[in-house]
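Reviewing the structure listed below.
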Amino acid sequence: MHSDKNNLQILFEDNHIIVINKRSGDITQGDKTGDKPLNEVVKEYIKDKYNKPGNVYLGTVHRLDRPTSGIVIFAKTSKALERLNKDLRDKKIHKTYWAITNKQEIPEQQTLVHFLIKNPKNNKSSICKSNTKGAKEAILHYTVIKKLDNFQLLEIALETGRHHQIRVQLSSLQCYIKGDLKYGAKRSNKDGSIHLHAKKITFTHPVKKETVTLHAPVPKDTIWQACVKNV
């Protein structure tokens with residue numbers, strides 16, 4: 001199930017950064033499960049490819065939830081990491097996600113604004129009042145781009161990057177991401193994935209200062225393929 005260095009999907013690589021299309025089920029960084037994280041796999045790949053002795057430097061710029069697939073940027077130098085982290089904080093890195101949800105009567109396009117609170121005990125976020133202690137504002141814009149008999153495909157642009165933000169905010173519209181039991185889906189996906197994919201990213205290269213736009217192909221399962229056909 002998990003990536004090893006021979007089946008990494010590399011979307012972009014140079015001396016400064018490496019961008020991976022993460023598979024669902026892979027963890028971006030080590031966690032309490034003790035499973036091998038993606039950043040370790042990428043380090044092994046770099047070590048082998050360039051015959052690097054000793055430790056390989058690799059900085060994680062941002063993470064994706066374990067069941068989510070799509071684009072993850074890693075920095076190969078501390079300078080690149082520092083600059084990309086700053087751009088992330090300054091909201092200069094633009095991410096577009098695709099989500100497949102149950103079919104629901106919702107406006108074709110909408111901006112959702114909520115306040116979210118994270119509960120570390122069950123690793124879940126929920127919508128709360130703005131004056132709740134620890135509440136953080138969450139803003140996203142979505143467009144419905146395809147409708148099938150039972151599902152719809154939404155394109156989502158994030159303005160803030162809160163914990164489980166897309167999953168919580170869409171569930172407030174009764175749009176449950178396919179497979180996402182935690183936020184209201186009726187059943188799970190066999191492989192434990194959810195149908196949420198970090199599809200596109202646009203950022204300024206930390207060293208060359210050029211604009212980089214990358215697209216990650218969606219997973220190969222039938223529903224993803226049906227949804228992206230002719231999109």
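Residue names in the structure tokens use chain letters A, B, ... in the order shown, residue numbers from 1 in each chain, and ligand numbers from 1 in the order shown.
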
TODO: Find the residues around Phe12 (chain A) up to 12 Å (only C-alpha atoms counted), leave out those fewer than 4 positions away in its own chain, and share them as a list in words.
DONE: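 In the requested form, the answer reads Leu8, His16, Ile17, Ile18, Val19, Ile20, Asn21, Ile71, Val72, Ile73, Phe74, Ala75, Ile201, His205, Val212, Thr213, Leu214, His215 and Ala216 of chain A.
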
What does the file look like for those residues with C-alpha atoms, as a PDB file, in the first residue's frame?
ATOM      1  CA  LEU A   8       7.275   7.631  -6.043  1.00  0.00           C
ATOM      2  CA  HIS A  16      16.240  23.007  -4.357  1.00  0.00           C
ATOM      3  CA  ILE A  17      12.867  21.254  -4.166  1.00  0.00           C
ATOM      4  CA  ILE A  18      11.127  17.990  -4.946  1.00  0.00           C
ATOM      5  CA  VAL A  19       7.348  17.771  -5.430  1.00  0.00           C
ATOM      6  CA  ILE A  20       5.529  14.453  -5.011  1.00  0.00           C
ATOM      7  CA  ASN A  21       2.041  13.226  -5.917  1.00  0.00           C
ATOM      8  CA  ILE A  71       0.677  17.431  -4.215  1.00  0.00           C
ATOM      9  CA  VAL A  72       3.258  17.733  -1.439  1.00  0.00           C
ATOM     10  CA  ILE A  73       6.329  19.999  -1.668  1.00  0.00           C
ATOM     11  CA  PHE A  74       9.590  19.112   0.065  1.00  0.00           C
ATOM     12  CA  ALA A  75      12.622  21.407   0.277  1.00  0.00           C
ATOM     13  CA  ILE A 201      -0.365  24.172  -6.816  1.00  0.00           C
ATOM     14  CA  HIS A 205      10.381  28.969  -6.918  1.00  0.00           C
ATOM     15  CA  VAL A 212       5.802  27.179 -10.892  1.00  0.00           C
ATOM     16  CA  THR A 213       2.392  25.580 -11.515  1.00  0.00           C
ATOM     17  CA  LEU A 214       2.040  21.831 -11.103  1.00  0.00           C
ATOM     18  CA  HIS A 215      -0.860  19.416 -11.589  1.00  0.00           C
ATOM     19  CA  ALA A 216      -1.160  15.989  -9.957  1.00  0.00           C
TER      20      ALA A 216
END

Next on the checklist: What parts of chain A does DSSP call strand (DSSP E or B)? I'd like the answer as a count of residues only.
Outcome noted: 79

| query | What residues in region 43-157 of chain A get the DSSP label helix (DSSP H, G or I)? Please answer as a ChimeraX atom specification. | reply | /A:43-49,78-89

Would you kindly return, as JSON, numbers by chain, each protein, DNA or RNA residue with an atom no farther than 8 Å from any atom of region 112-129 of chain A, considering only C-alpha atoms and excluding same-chain residues fewer than 4 positions away? {"A": [134, 135, 136, 137, 138, 139, 140, 141, 162, 163, 164, 165, 168, 169, 182]}

Rounded to one decimal in Å, what is the spacing between CA of Lys5 (chain A) and CA of Tyr50 (chain A)?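 Value for the CA of Lys5 (chain A)-CA of Tyr50 (chain A) distance: 13.3 Å.
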
Determine, counting only C-alpha atoms, which protein, DNA and RNA residues have an atom within 12 Å of an atom of Lys86 (chain A); residues of the same chain fewer than 4 positions away are not included. Present the result as a short mmCIF file (atom, residue, chain, number, x, y, z; two decimals) with N, CA and C atoms, in the first residue's frame.
data_model
loop_
_atom_site.label_atom_id
_atom_site.label_comp_id
_atom_site.auth_asym_id
_atom_site.auth_seq_id
_atom_site.Cartn_x
_atom_site.Cartn_y
_atom_site.Cartn_z
N VAL A 61 7.39 21.19 3.62
CA VAL A 61 6.81 22.54 3.51
C VAL A 61 5.36 22.55 4.02
N HIS A 62 4.61 21.52 3.67
CA HIS A 62 3.20 21.43 4.12
C HIS A 62 2.81 19.97 4.12
N LYS A 79 17.47 26.83 3.11
CA LYS A 79 17.10 28.14 2.55
C LYS A 79 15.78 28.05 1.77
N ALA A 80 15.66 26.99 0.97
CA ALA A 80 14.41 26.80 0.21
C ALA A 80 13.24 26.60 1.16
N LEU A 81 13.46 25.84 2.24
CA LEU A 81 12.39 25.59 3.21
C LEU A 81 11.94 26.89 3.87
N GLU A 82 12.91 27.68 4.27
CA GLU A 82 12.61 28.96 4.94
C GLU A 82 11.77 29.86 4.05
N ASP A 90 2.45 33.78 4.25
CA ASP A 90 1.95 35.00 3.59
C ASP A 90 0.88 34.71 2.55
N LYS A 91 0.41 33.44 2.53
CA LYS A 91 -0.66 33.01 1.59
C LYS A 91 -0.28 33.23 0.13
N LYS A 92 0.99 32.99 -0.18
CA LYS A 92 1.45 33.16 -1.57
C LYS A 92 1.54 31.82 -2.31
N ILE A 93 1.22 30.74 -1.60
CA ILE A 93 1.20 29.43 -2.26
C ILE A 93 -0.28 29.08 -2.47
N PHE A 203 3.22 28.32 -7.05
CA PHE A 203 4.09 28.98 -6.06
C PHE A 203 5.28 29.60 -6.78
N THR A 204 6.02 30.44 -6.06
CA THR A 204 7.22 31.05 -6.63
C THR A 204 8.40 30.18 -6.23
N PRO A 206 11.68 29.02 -4.82
CA PRO A 206 12.38 29.72 -3.74
C PRO A 206 13.73 30.32 -4.14
#

Which of these, A:Lys43, A:Lys32, A:His195, A:Lys229, has the shortest distance to Thr101 (chain A) once you count only C-alpha atoms?
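Checking each candidate against Thr101 (chain A), we get A:His195 as the closest.
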
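Among the candidate residues A:Asp26, A:Asp149, A:Glu44, A:Glu155, the one lying nearest to Thr68 (chain A) is A:Asp26, with distances computed using only C-alpha atoms.
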
- Message: I'd like the neighbourhood of Phe151 (chain A) as number ranges by chain, where a residue qualifies if any of its atoms comes within 9 Å (using only C-alpha atoms), though same-chain residues fewer than 5 positions away should be ignored.
- Response: A: 100-104, 146, 178, 223, 227

Prev. selection, C-alpha atoms, output as a compact mmCIF listing (two decimals), in the first residue's frame:
# COMPACT_ATOMS: atom_id res chain seq x y z
CA ILE A 100 -15.95 13.94 -4.86
CA THR A 101 -19.04 14.16 -2.65
CA ASN A 102 -22.57 12.76 -2.64
CA LYS A 103 -24.89 14.65 -4.96
CA GLN A 104 -26.50 17.56 -3.17
CA LYS A 146 -19.17 17.77 -12.78
CA LYS A 178 -16.68 9.93 -0.53
CA ILE A 223 -15.05 6.95 -9.61
CA CYS A 227 -15.49 12.25 -12.62

- Show which residues sit within 10 Å of Pro217 (chain A), as a ChimeraX atom specification. Count only C-alpha atoms, and ignore same-chain residues fewer than 4 positions away. /A:9,11,21,69-71,197-200,228

Would you save the residues of that selection, restricted to N, CA and C atoms, as a PDB file, in the first residue's frame?
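Once everything was written out, this is part-v6.pdb:
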ATOM      1  N   GLN A   9       5.740   9.083  -7.243  1.00  0.00           N
ATOM      2  CA  GLN A   9       5.319   9.875  -8.408  1.00  0.00           C
ATOM      3  C   GLN A   9       5.902  11.273  -8.256  1.00  0.00           C
ATOM      4  N   LEU A  11       6.590  14.925  -9.441  1.00  0.00           N
ATOM      5  CA  LEU A  11       5.991  15.892 -10.375  1.00  0.00           C
ATOM      6  C   LEU A  11       7.013  16.939 -10.798  1.00  0.00           C
ATOM      7  N   ASN A  21       3.473  13.498  -5.923  1.00  0.00           N
ATOM      8  CA  ASN A  21       2.041  13.226  -5.917  1.00  0.00           C
ATOM      9  C   ASN A  21       1.820  12.120  -4.880  1.00  0.00           C
ATOM     10  N   SER A  69      -4.967  12.369  -1.206  1.00  0.00           N
ATOM     11  CA  SER A  69      -3.877  12.209  -2.174  1.00  0.00           C
ATOM     12  C   SER A  69      -3.519  13.566  -2.773  1.00  0.00           C
ATOM     13  N   GLY A  70      -2.389  13.610  -3.487  1.00  0.00           N
ATOM     14  CA  GLY A  70      -2.058  14.827  -4.234  1.00  0.00           C
ATOM     15  C   GLY A  70      -0.727  15.453  -3.866  1.00  0.00           C
ATOM     16  N   ILE A  71      -0.607  16.735  -4.191  1.00  0.00           N
ATOM     17  CA  ILE A  71       0.677  17.431  -4.215  1.00  0.00           C
ATOM     18  C   ILE A  71       1.250  17.753  -2.835  1.00  0.00           C
ATOM     19  N   HIS A 197      -8.350  15.288  -3.244  1.00  0.00           N
ATOM     20  CA  HIS A 197      -7.072  15.240  -3.964  1.00  0.00           C
ATOM     21  C   HIS A 197      -6.536  16.659  -4.150  1.00  0.00           C
ATOM     22  N   ALA A 198      -5.279  16.853  -3.722  1.00  0.00           N
ATOM     23  CA  ALA A 198      -4.624  18.157  -3.942  1.00  0.00           C
ATOM     24  C   ALA A 198      -4.160  18.192  -5.394  1.00  0.00           C
ATOM     25  N   LYS A 199      -4.939  18.856  -6.237  1.00  0.00           N
ATOM     26  CA  LYS A 199      -4.830  18.718  -7.692  1.00  0.00           C
ATOM     27  C   LYS A 199      -3.778  19.640  -8.302  1.00  0.00           C
ATOM     28  N   LYS A 200      -3.702  20.856  -7.774  1.00  0.00           N
ATOM     29  CA  LYS A 200      -2.877  21.867  -8.459  1.00  0.00           C
ATOM     30  C   LYS A 200      -2.243  22.789  -7.422  1.00  0.00           C
ATOM     31  N   VAL A 228     -13.390  12.691 -13.768  1.00  0.00           N
ATOM     32  CA  VAL A 228     -12.473  13.602 -14.465  1.00  0.00           C
ATOM     33  C   VAL A 228     -12.574  13.481 -15.982  1.00  0.00           C
TER      34      VAL A 228
END

The distance between CA of Gly179 (chain A) and CA of Thr222 (chain A) is 13.8 Å

Separation of CA of Val231 (chain A) and CA of Ala185 (chain A), in Å?
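Answer for the CA of Val231 (chain A) to CA of Ala185 (chain A) separation: 24.4 Å.
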
8 Å contact set for Tyr142 (chain A), only C-alpha atoms, chain neighbours under 5 positions out, as an MDAnalysis selection string: chainID A and resid 109:111 154:157

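Between Ile166 (chain A) and the candidates A:Lys190, A:Lys147, A:Lys133, A:Lys95, the tightest atom-to-atom separation, counting only C-alpha atoms, involves A:Lys95.
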